[in-house]
Amino acid sequence: MSPRTPLDTVKHAAATPDARQPFRELGMTEDEYLRVRDILGRRPTGSELAMYSVMWSEHCSYKSSKVHLKQFSEKAPASDALLVGIGEQAGVVDVGQGYAVTFKVESHNHPSYVEPYQGAATGIGGIVRDIIAMGARPVAVMDPLRFGAADHPDTARVVHGVVAGIGGYGNCLGLPNIGGEVVFDPCYQGNPLVNALCVGVMRHEDIHLAKASGTGNKVILYGARTGGDGIGGASILASETFDADKPSKRPAVQVGDPFQEKLLIECTLEAFAEKLVVGIQDLGAAGLSCATSELASNGTGGMRVDLSTVPLRDHTLSPEEILMSESQERMCAVVAPENVDRFLAICEKWDVTATVIGEVTDGERLEIYWHGELIVDVPPRTVAHDGPVYHRPMARPGWLDALQADTPDALPRPANGDELREQVLSLVSSPNQADKSWITSQYDRYVLGNTVLAQPEDSGMLRIDEETGLGVALATDGNGRYAKLDPYAGAQLALAEAYRNVAATGARPLAVTDCLNFPSPEDPAGMWQFAEACRGLADACQALGTPVTGGNVSLYNQTGDTGIHPTPVVGVLGVIDDVARRTPMAFSGEGQMIYLLGDTREEFGGSAWTDVVHGHLGGLPPAVDLDRERLLAEILVNASRDGMIDAAHDLSDGGLIQALVESCLKGGRGARLVVPDGLSAFTFLFSESAGRAIVAVPRSEEVRFTGMCDARGMPATRIGVIDGDTIDVQGAFSLPLAELREAHTRTLPALFGHTRHA
């Protein structure tokens, strides 16, 4: 937009009802535009139109998804741990001893394809500010990632930029990156998924919410100056499909400054410590449009803002552009008049620009002025919370029956031990199953000194309290191949895997955050996939007793008619009373017994074996048994707490052999395995049946451990022993650890080089 002459004030808008307005260019439909006119009783000013367009975008308003997301509240299980749930900037749970933990995962998918480094970096910056705004100190980040085919020419561009952006921003903030995922699949070629999670810690009494209350309280904008970068960035960019013929759908990506963010963190936490803040909101998608309207909507009155006082980097910006700018490292605080001077002094101490831009009023309107002229006069709730609600058409895709009927049953299986051996090597060296150290070594995983477990462990774990050892564990998971075959089951399997990963390290799962990545909601098939995934996840959370505390929806992950696999990414947070009792994944105890927990069935639909060996996707994903998942978690947590097991690793992508290779390589010890009666070596090694884990049991604990499993009805089969420097599947093949390590570690460096490129 360009500045208007004369200025498009509220008075001018009322006097020129027929003036043409670029609502379509801003992503609004005609019906939405007419609704704004109806709300205001006149045409909107240019500034009001800018605010409604970004706040009613798919990314900000959830207009296509909110009818399905309400299940997470309606079906939420009772939880004594939940302190703040859905609706705030991040969920908060009680982890004991007066500590609260806040965590959330969000997407920065579309910006990360346009400009990988800045898109990923500002994704980290944005989620960190959500955690700060709840009153917590950020303590770690995680990054679930999806890229196109590993050998595609463009994938290296995106991978290098995204990994460097995440590492560059997170490392500069001094936050450890403790976990995440990396998946390659051609469906993500034009739409990579860059999801970012942050976790923060606070005392119960330090929780803050986004609301503007108290007539006369001042609204202070602080942090970086406002520039032209990211105008309409995430809010509009993430609300349309990519189209090569329409470059206007690719607005400027935000530019991050992690050093400014670090100052913002310390400044904010000091203001919290002195009890100076009444309400607070970070500026992310939709910038000032979001911060002012949401603070006012959540408060008890109205708000008056003088937009001409906003500190600018670019003084040519129009009021519309200032309202739409998504410049990073900015926050809004509501502060009582008597505390303003002290708040500003703290900002000055940290070299953070801070300006009083408005105040809370006793009215019911959000009024914004520009050099004395009224340019916005709206009911704030209509901007922030009462946007459109769409019941999009849904239809089970016609191709799904054929896809599910195309089972992997007829695929050729290895005929002998030599073929099994070769397929194991193919699996563990495939891009999705190979060692990810090329990526994780670019992240600082141990800064701050409280990281107890980090990648490639089943879950990341952090110490919360040095004296008692209280800690939390986090894992994120999601399998788009499973969800493509059955979105209901696929979402449940994502939750089950993350739940299992947390329990495998000895932590008790407490709560869930999710990032729901899907194609265009305007496609009835894509909308059906989304609805089924929401239903599946809500039902599973209810069954497992883990409430959804918040998260993110990312739609329009589609280029032309090509959409991504439906990819619900689920994060689970758990608590452990003493991190010294954690369970690592490494098999290092020579002579310890290896037990397989759970039942192994002929389940290969969507499996890594079908993908790597045959390039096949079809059939049904593994069956979900949530009662079994809950029982398995109880066994793993109790065994960890009582010292019955020395190592544990969940079974998921790649089946038992993938998990075994990872645990053996991590511990530097081999294993001798015996195939259980009733199973073929192939099914034993490659099946992806859910609800399973392998554990290393010291001989002294074997009777106690098996007794516990028997008493609780958990199948526990002794399948081998930790021994030597070779994985030996008796009667089938042997593989030296040295050969496995070379195959497992060479793939990503061979694809992307041995050095990092920004």
# chains A, B, ... in the order shown; residues from 1 in each chain; ligands from 1
call {"tool": "select_by_dssp", "arguments": {"residues": "range 15-135 of chain A", "states": "helix (DSSP H, G or I)", "output": "ChimeraX atom specification"}}
result
/A:15,30-40,46-55,58-61,66-69,71-74,109-114,116-133
call {"tool": "write_last_selection", "arguments": {"atoms": "C-alpha atoms", "output": "short mmCIF file (atom, residue, chain, number, x, y, z; two decimals), in the first residue's frame"}}
result
data_model
loop_
_atom_site.label_atom_id
_atom_site.label_comp_id
_atom_site.auth_asym_id
_atom_site.auth_seq_id
_atom_site.Cartn_x
_atom_site.Cartn_y
_atom_site.Cartn_z
CA ALA A 15 -18.05 10.43 3.54
CA GLU A 30 -16.13 -10.12 -1.05
CA ASP A 31 -18.36 -11.63 1.65
CA GLU A 32 -15.71 -10.92 4.28
CA TYR A 33 -15.32 -7.35 3.07
CA LEU A 34 -19.08 -6.80 3.16
CA ARG A 35 -19.19 -8.19 6.68
CA VAL A 36 -16.59 -5.64 7.79
CA ARG A 37 -18.73 -2.89 6.29
CA ASP A 38 -21.72 -4.27 8.16
CA ILE A 39 -19.81 -4.37 11.47
CA LEU A 40 -18.63 -0.77 11.09
CA GLY A 46 -7.38 1.70 4.66
CA SER A 47 -5.91 1.05 8.10
CA GLU A 48 -8.98 -0.81 9.31
CA LEU A 49 -9.00 -2.87 6.12
CA ALA A 50 -5.33 -3.73 6.72
CA MET A 51 -6.11 -4.89 10.26
CA TYR A 52 -9.12 -7.00 9.33
CA SER A 53 -7.31 -8.55 6.37
CA VAL A 54 -4.38 -9.85 8.41
CA MET A 55 -6.40 -10.77 11.49
CA GLU A 58 -6.33 -18.22 7.77
CA HIS A 59 -3.07 -18.06 9.69
CA CYS A 60 -4.41 -15.71 12.38
CA SER A 61 -8.14 -16.45 12.61
CA LYS A 66 -11.78 -23.66 14.51
CA VAL A 67 -14.97 -25.72 14.08
CA HIS A 68 -12.80 -28.84 14.33
CA LEU A 69 -10.31 -27.57 16.91
CA GLN A 71 -12.94 -30.90 20.04
CA PHE A 72 -9.68 -30.41 21.93
CA SER A 73 -11.62 -28.46 24.56
CA GLU A 74 -14.85 -30.46 24.41
CA ASN A 109 6.51 -23.18 6.73
CA HIS A 110 5.80 -20.82 3.86
CA PRO A 111 8.38 -18.15 4.77
CA SER A 112 11.01 -20.89 5.10
CA TYR A 113 10.55 -21.95 1.49
CA VAL A 114 10.78 -18.39 0.19
CA PRO A 116 15.01 -20.52 4.26
CA TYR A 117 17.49 -18.87 6.62
CA GLN A 118 15.31 -15.98 7.78
CA GLY A 119 12.12 -18.01 7.63
CA ALA A 120 13.50 -20.61 10.02
CA ALA A 121 15.35 -18.11 12.22
CA THR A 122 12.28 -15.94 12.76
CA GLY A 123 10.23 -19.08 13.41
CA ILE A 124 12.48 -19.72 16.40
CA GLY A 125 12.29 -16.05 17.43
CA GLY A 126 8.50 -16.00 17.28
CA ILE A 127 7.91 -19.10 19.36
CA VAL A 128 10.44 -17.92 21.95
CA ARG A 129 8.50 -14.64 22.35
CA ASP A 130 5.28 -16.59 22.92
CA ILE A 131 6.98 -18.30 25.84
CA ILE A 132 8.38 -15.03 27.24
CA ALA A 133 4.91 -13.48 27.04
#
call {"tool": "atom_distance", "arguments": {"atom1": "CA of Pro44 in chain A", "atom2": "CA of Tyr222 in chain A"}}
result
28.3 Å
call {"tool": "closest_atom_pairs", "arguments": {"of": "range 506-531 of chain A", "to": "range 535-548 of chain A", "cutoff": "7 Å", "atoms": "only C-alpha atoms", "output": "CSV"}}
result
residue,atom,partner,partner_atom,distance
A:Leu510,CA,A:Thr546,CA,5.5
A:Ala511,CA,A:Thr546,CA,4.5
A:Val512,CA,A:Val548,CA,4.6
A:Thr513,CA,A:Val548,CA,5.5
A:Ala531,CA,A:Arg535,CA,6.2
call {"tool": "write_last_selection", "arguments": {"atoms": "all heavy atoms", "output": "short mmCIF file (atom, residue, chain, number, x, y, z; two decimals), in the first residue's frame"}}
result
data_model
loop_
_atom_site.label_atom_id
_atom_site.label_comp_id
_atom_site.auth_asym_id
_atom_site.auth_seq_id
_atom_site.Cartn_x
_atom_site.Cartn_y
_atom_site.Cartn_z
N LEU A 510 2.38 -35.70 30.42
CA LEU A 510 1.42 -34.81 31.08
C LEU A 510 0.48 -34.10 30.12
O LEU A 510 -0.72 -33.98 30.40
CB LEU A 510 2.15 -33.73 31.89
CG LEU A 510 2.64 -33.99 33.29
CD1 LEU A 510 3.19 -32.70 33.87
CD2 LEU A 510 1.51 -34.52 34.16
N ALA A 511 1.01 -33.55 29.03
CA ALA A 511 0.22 -32.64 28.21
C ALA A 511 0.76 -32.60 26.79
O ALA A 511 1.87 -33.06 26.51
CB ALA A 511 0.23 -31.23 28.82
N VAL A 512 -0.05 -32.01 25.90
CA VAL A 512 0.21 -32.07 24.46
C VAL A 512 0.16 -30.68 23.84
O VAL A 512 -0.66 -29.83 24.24
CB VAL A 512 -0.84 -32.98 23.78
CG1 VAL A 512 -0.83 -32.83 22.27
CG2 VAL A 512 -0.61 -34.44 24.18
N THR A 513 1.03 -30.44 22.87
CA THR A 513 0.89 -29.31 21.95
C THR A 513 0.97 -29.90 20.55
O THR A 513 1.55 -30.97 20.36
CB THR A 513 1.99 -28.26 22.17
OG1 THR A 513 1.79 -27.16 21.26
CG2 THR A 513 3.37 -28.82 21.93
N ALA A 531 -10.13 -32.77 9.35
CA ALA A 531 -11.17 -33.05 10.34
C ALA A 531 -10.95 -34.41 11.00
O ALA A 531 -11.11 -34.57 12.22
CB ALA A 531 -12.54 -33.00 9.67
#
call {"tool": "closest_atom_pairs", "arguments": {"of": "range 171-287 of chain A", "to": "range 160-167 of chain A", "cutoff": "10 Å", "atoms": "only C-alpha atoms", "output": "tab-separated table"}}
result
residue	atom	partner	partner_atom	distance
A:Asn171	CA	A:Gly167	CA	5.5
A:Cys172	CA	A:Gly167	CA	8.0
A:Leu173	CA	A:Gly167	CA	9.7
A:Leu175	CA	A:Gly167	CA	9.7
A:Pro176	CA	A:Gly167	CA	9.6
A:Asn177	CA	A:Gly167	CA	8.3
A:Pro192	CA	A:Val162	CA	9.7
A:Val194	CA	A:Val162	CA	7.8
A:Ala196	CA	A:Ile166	CA	8.9
A:Gly256	CA	A:Gly165	CA	9.5
call {"tool": "residues_around", "arguments": {"residues": "Ala212 in chain A", "least_positions_apart": "3", "cutoff": "8 Å", "atoms": "only C-alpha atoms", "output": "PyMOL selection string"}}
result
chain A and resi 278-280+295-301+334+360
call {"tool": "write_last_selection", "arguments": {"atoms": "C-alpha atoms", "output": "PDB file, in the first residue's frame"}}
result
ATOM      1  CA  VAL A 278      -0.416  -5.927  33.891  1.00  0.00           C
ATOM      2  CA  GLY A 279      -0.716  -7.628  30.499  1.00  0.00           C
ATOM      3  CA  ILE A 280       1.637  -8.519  27.684  1.00  0.00           C
ATOM      4  CA  LEU A 295      -4.928  -7.013  24.196  1.00  0.00           C
ATOM      5  CA  ALA A 296      -8.008  -4.813  23.974  1.00  0.00           C
ATOM      6  CA  SER A 297     -10.350  -7.713  23.223  1.00  0.00           C
ATOM      7  CA  ASN A 298      -9.078  -9.734  26.186  1.00  0.00           C
ATOM      8  CA  GLY A 299      -9.239  -6.763  28.547  1.00  0.00           C
ATOM      9  CA  THR A 300     -12.038  -4.992  30.364  1.00  0.00           C
ATOM     10  CA  GLY A 301     -12.217  -1.797  28.323  1.00  0.00           C
ATOM     11  CA  VAL A 334       0.312  -2.851  29.569  1.00  0.00           C
ATOM     12  CA  VAL A 360      -6.456   1.569  28.146  1.00  0.00           C
TER      13      VAL A 360
END
call {"tool": "decode", "arguments": {"residues": "range 314-328 of chain A", "atoms": "all heavy atoms", "output": "PDB file, in the first residue's frame"}}
result
ATOM      1  N   ASP A 314      11.947   2.708   8.945  1.00  0.00           N
ATOM      2  CA  ASP A 314      11.672   3.257   7.616  1.00  0.00           C
ATOM      3  C   ASP A 314      10.558   4.288   7.759  1.00  0.00           C
ATOM      4  O   ASP A 314       9.395   3.947   7.990  1.00  0.00           O
ATOM      5  CB  ASP A 314      11.245   2.124   6.668  1.00  0.00           C
ATOM      6  CG  ASP A 314      10.909   2.626   5.269  1.00  0.00           C
ATOM      7  OD1 ASP A 314      10.922   3.848   5.044  1.00  0.00           O
ATOM      8  OD2 ASP A 314      10.612   1.772   4.405  1.00  0.00           O
ATOM      9  N   HIS A 315      10.917   5.556   7.640  1.00  0.00           N
ATOM     10  CA  HIS A 315       9.951   6.628   7.888  1.00  0.00           C
ATOM     11  C   HIS A 315       9.020   6.886   6.710  1.00  0.00           C
ATOM     12  O   HIS A 315       8.178   7.782   6.774  1.00  0.00           O
ATOM     13  CB  HIS A 315      10.686   7.905   8.298  1.00  0.00           C
ATOM     14  CG  HIS A 315      11.357   7.791   9.636  1.00  0.00           C
ATOM     15  ND1 HIS A 315      10.684   7.967  10.819  1.00  0.00           N
ATOM     16  CD2 HIS A 315      12.637   7.462   9.971  1.00  0.00           C
ATOM     17  CE1 HIS A 315      11.512   7.777  11.834  1.00  0.00           C
ATOM     18  NE2 HIS A 315      12.710   7.475  11.342  1.00  0.00           N
ATOM     19  N   THR A 316       9.162   6.106   5.649  1.00  0.00           N
ATOM     20  CA  THR A 316       8.222   6.242   4.527  1.00  0.00           C
ATOM     21  C   THR A 316       7.009   5.336   4.683  1.00  0.00           C
ATOM     22  O   THR A 316       6.100   5.365   3.854  1.00  0.00           O
ATOM     23  CB  THR A 316       8.922   5.911   3.193  1.00  0.00           C
ATOM     24  OG1 THR A 316       9.220   4.508   3.137  1.00  0.00           O
ATOM     25  CG2 THR A 316      10.192   6.725   3.028  1.00  0.00           C
ATOM     26  N   LEU A 317       6.979   4.514   5.733  1.00  0.00           N
ATOM     27  CA  LEU A 317       5.874   3.576   5.898  1.00  0.00           C
ATOM     28  C   LEU A 317       4.552   4.309   6.126  1.00  0.00           C
ATOM     29  O   LEU A 317       4.481   5.281   6.891  1.00  0.00           O
ATOM     30  CB  LEU A 317       6.130   2.637   7.076  1.00  0.00           C
ATOM     31  CG  LEU A 317       7.299   1.655   6.957  1.00  0.00           C
ATOM     32  CD1 LEU A 317       7.407   0.823   8.230  1.00  0.00           C
ATOM     33  CD2 LEU A 317       7.137   0.762   5.742  1.00  0.00           C
ATOM     34  N   SER A 318       3.523   3.809   5.476  1.00  0.00           N
ATOM     35  CA  SER A 318       2.174   4.343   5.691  1.00  0.00           C
ATOM     36  C   SER A 318       1.591   3.728   6.959  1.00  0.00           C
ATOM     37  O   SER A 318       2.091   2.707   7.456  1.00  0.00           O
ATOM     38  CB  SER A 318       1.285   3.985   4.506  1.00  0.00           C
ATOM     39  OG  SER A 318       1.055   2.591   4.461  1.00  0.00           O
ATOM     40  N   PRO A 319       0.505   4.290   7.500  1.00  0.00           N
ATOM     41  CA  PRO A 319      -0.108   3.695   8.687  1.00  0.00           C
ATOM     42  C   PRO A 319      -0.539   2.247   8.455  1.00  0.00           C
ATOM     43  O   PRO A 319      -0.405   1.401   9.343  1.00  0.00           O
ATOM     44  CB  PRO A 319      -1.305   4.594   8.983  1.00  0.00           C
ATOM     45  CG  PRO A 319      -1.295   5.691   8.011  1.00  0.00           C
ATOM     46  CD  PRO A 319      -0.105   5.571   7.136  1.00  0.00           C
ATOM     47  N   GLU A 320      -1.052   1.949   7.251  1.00  0.00           N
ATOM     48  CA  GLU A 320      -1.448   0.577   6.949  1.00  0.00           C
ATOM     49  C   GLU A 320      -0.251  -0.363   7.040  1.00  0.00           C
ATOM     50  O   GLU A 320      -0.344  -1.470   7.588  1.00  0.00           O
ATOM     51  CB  GLU A 320      -2.056   0.477   5.541  1.00  0.00           C
ATOM     52  CG  GLU A 320      -3.320   1.295   5.360  1.00  0.00           C
ATOM     53  CD  GLU A 320      -3.035   2.678   4.788  1.00  0.00           C
ATOM     54  OE1 GLU A 320      -1.943   3.225   5.037  1.00  0.00           O
ATOM     55  OE2 GLU A 320      -3.915   3.203   4.082  1.00  0.00           O
ATOM     56  N   GLU A 321       0.874   0.060   6.504  1.00  0.00           N
ATOM     57  CA  GLU A 321       2.075  -0.773   6.524  1.00  0.00           C
ATOM     58  C   GLU A 321       2.612  -0.957   7.936  1.00  0.00           C
ATOM     59  O   GLU A 321       3.095  -2.038   8.289  1.00  0.00           O
ATOM     60  CB  GLU A 321       3.138  -0.161   5.612  1.00  0.00           C
ATOM     61  CG  GLU A 321       2.764  -0.240   4.139  1.00  0.00           C
ATOM     62  CD  GLU A 321       3.671   0.584   3.253  1.00  0.00           C
ATOM     63  OE1 GLU A 321       4.132   1.659   3.687  1.00  0.00           O
ATOM     64  OE2 GLU A 321       3.921   0.156   2.112  1.00  0.00           O
ATOM     65  N   ILE A 322       2.524   0.062   8.749  1.00  0.00           N
ATOM     66  CA  ILE A 322       2.962  -0.052  10.141  1.00  0.00           C
ATOM     67  C   ILE A 322       2.102  -1.074  10.877  1.00  0.00           C
ATOM     68  O   ILE A 322       2.605  -1.903  11.644  1.00  0.00           O
ATOM     69  CB  ILE A 322       2.903   1.321  10.839  1.00  0.00           C
ATOM     70  CG1 ILE A 322       3.883   2.295  10.181  1.00  0.00           C
ATOM     71  CG2 ILE A 322       3.197   1.185  12.335  1.00  0.00           C
ATOM     72  CD1 ILE A 322       3.727   3.725  10.652  1.00  0.00           C
ATOM     73  N   LEU A 323       0.806  -1.047  10.620  1.00  0.00           N
ATOM     74  CA  LEU A 323      -0.102  -1.985  11.281  1.00  0.00           C
ATOM     75  C   LEU A 323       0.100  -3.419  10.809  1.00  0.00           C
ATOM     76  O   LEU A 323      -0.112  -4.370  11.555  1.00  0.00           O
ATOM     77  CB  LEU A 323      -1.555  -1.563  11.042  1.00  0.00           C
ATOM     78  CG  LEU A 323      -2.013  -0.324  11.812  1.00  0.00           C
ATOM     79  CD1 LEU A 323      -3.336   0.191  11.262  1.00  0.00           C
ATOM     80  CD2 LEU A 323      -2.155  -0.654  13.297  1.00  0.00           C
ATOM     81  N   MET A 324       0.508  -3.599   9.562  1.00  0.00           N
ATOM     82  CA  MET A 324       0.676  -4.940   8.994  1.00  0.00           C
ATOM     83  C   MET A 324       2.090  -5.483   9.152  1.00  0.00           C
ATOM     84  O   MET A 324       2.308  -6.682   8.977  1.00  0.00           O
ATOM     85  CB  MET A 324       0.315  -4.933   7.507  1.00  0.00           C
ATOM     86  CG  MET A 324      -1.141  -4.648   7.221  1.00  0.00           C
ATOM     87  SD  MET A 324      -1.461  -4.565   5.438  1.00  0.00           S
ATOM     88  CE  MET A 324      -1.404  -6.303   4.996  1.00  0.00           C
ATOM     89  N   SER A 325       3.049  -4.623   9.458  1.00  0.00           N
ATOM     90  CA  SER A 325       4.438  -5.064   9.519  1.00  0.00           C
ATOM     91  C   SER A 325       4.621  -6.188  10.546  1.00  0.00           C
ATOM     92  O   SER A 325       4.068  -6.136  11.652  1.00  0.00           O
ATOM     93  CB  SER A 325       5.351  -3.899   9.890  1.00  0.00           C
ATOM     94  OG  SER A 325       6.662  -4.361  10.146  1.00  0.00           O
ATOM     95  N   GLU A 326       5.395  -7.190  10.166  1.00  0.00           N
ATOM     96  CA  GLU A 326       5.711  -8.278  11.078  1.00  0.00           C
ATOM     97  C   GLU A 326       7.193  -8.253  11.451  1.00  0.00           C
ATOM     98  O   GLU A 326       7.824  -9.304  11.657  1.00  0.00           O
ATOM     99  CB  GLU A 326       5.296  -9.616  10.467  1.00  0.00           C
ATOM    100  CG  GLU A 326       3.786  -9.702  10.285  1.00  0.00           C
ATOM    101  CD  GLU A 326       3.299 -10.985   9.628  1.00  0.00           C
ATOM    102  OE1 GLU A 326       4.114 -11.910   9.464  1.00  0.00           O
ATOM    103  OE2 GLU A 326       2.105 -11.051   9.273  1.00  0.00           O
ATOM    104  N   SER A 327       7.744  -7.039  11.540  1.00  0.00           N
ATOM    105  CA  SER A 327       9.119  -6.900  12.021  1.00  0.00           C
ATOM    106  C   SER A 327       9.268  -7.641  13.340  1.00  0.00           C
ATOM    107  O   SER A 327       8.374  -7.621  14.194  1.00  0.00           O
ATOM    108  CB  SER A 327       9.468  -5.425  12.214  1.00  0.00           C
ATOM    109  OG  SER A 327       9.519  -4.757  10.978  1.00  0.00           O
ATOM    110  N   GLN A 328      10.399  -8.267  13.520  1.00  0.00           N
ATOM    111  CA  GLN A 328      10.610  -9.161  14.656  1.00  0.00           C
ATOM    112  C   GLN A 328      11.071  -8.419  15.910  1.00  0.00           C
ATOM    113  O   GLN A 328      11.310  -7.226  15.900  1.00  0.00           O
ATOM    114  CB  GLN A 328      11.638 -10.220  14.261  1.00  0.00           C
ATOM    115  CG  GLN A 328      11.175 -11.099  13.120  1.00  0.00           C
ATOM    116  CD  GLN A 328      10.021 -11.989  13.504  1.00  0.00           C
ATOM    117  OE1 GLN A 328      10.184 -12.960  14.227  1.00  0.00           O
ATOM    118  NE2 GLN A 328       8.832 -11.665  13.011  1.00  0.00           N
TER     119      GLN A 328
END
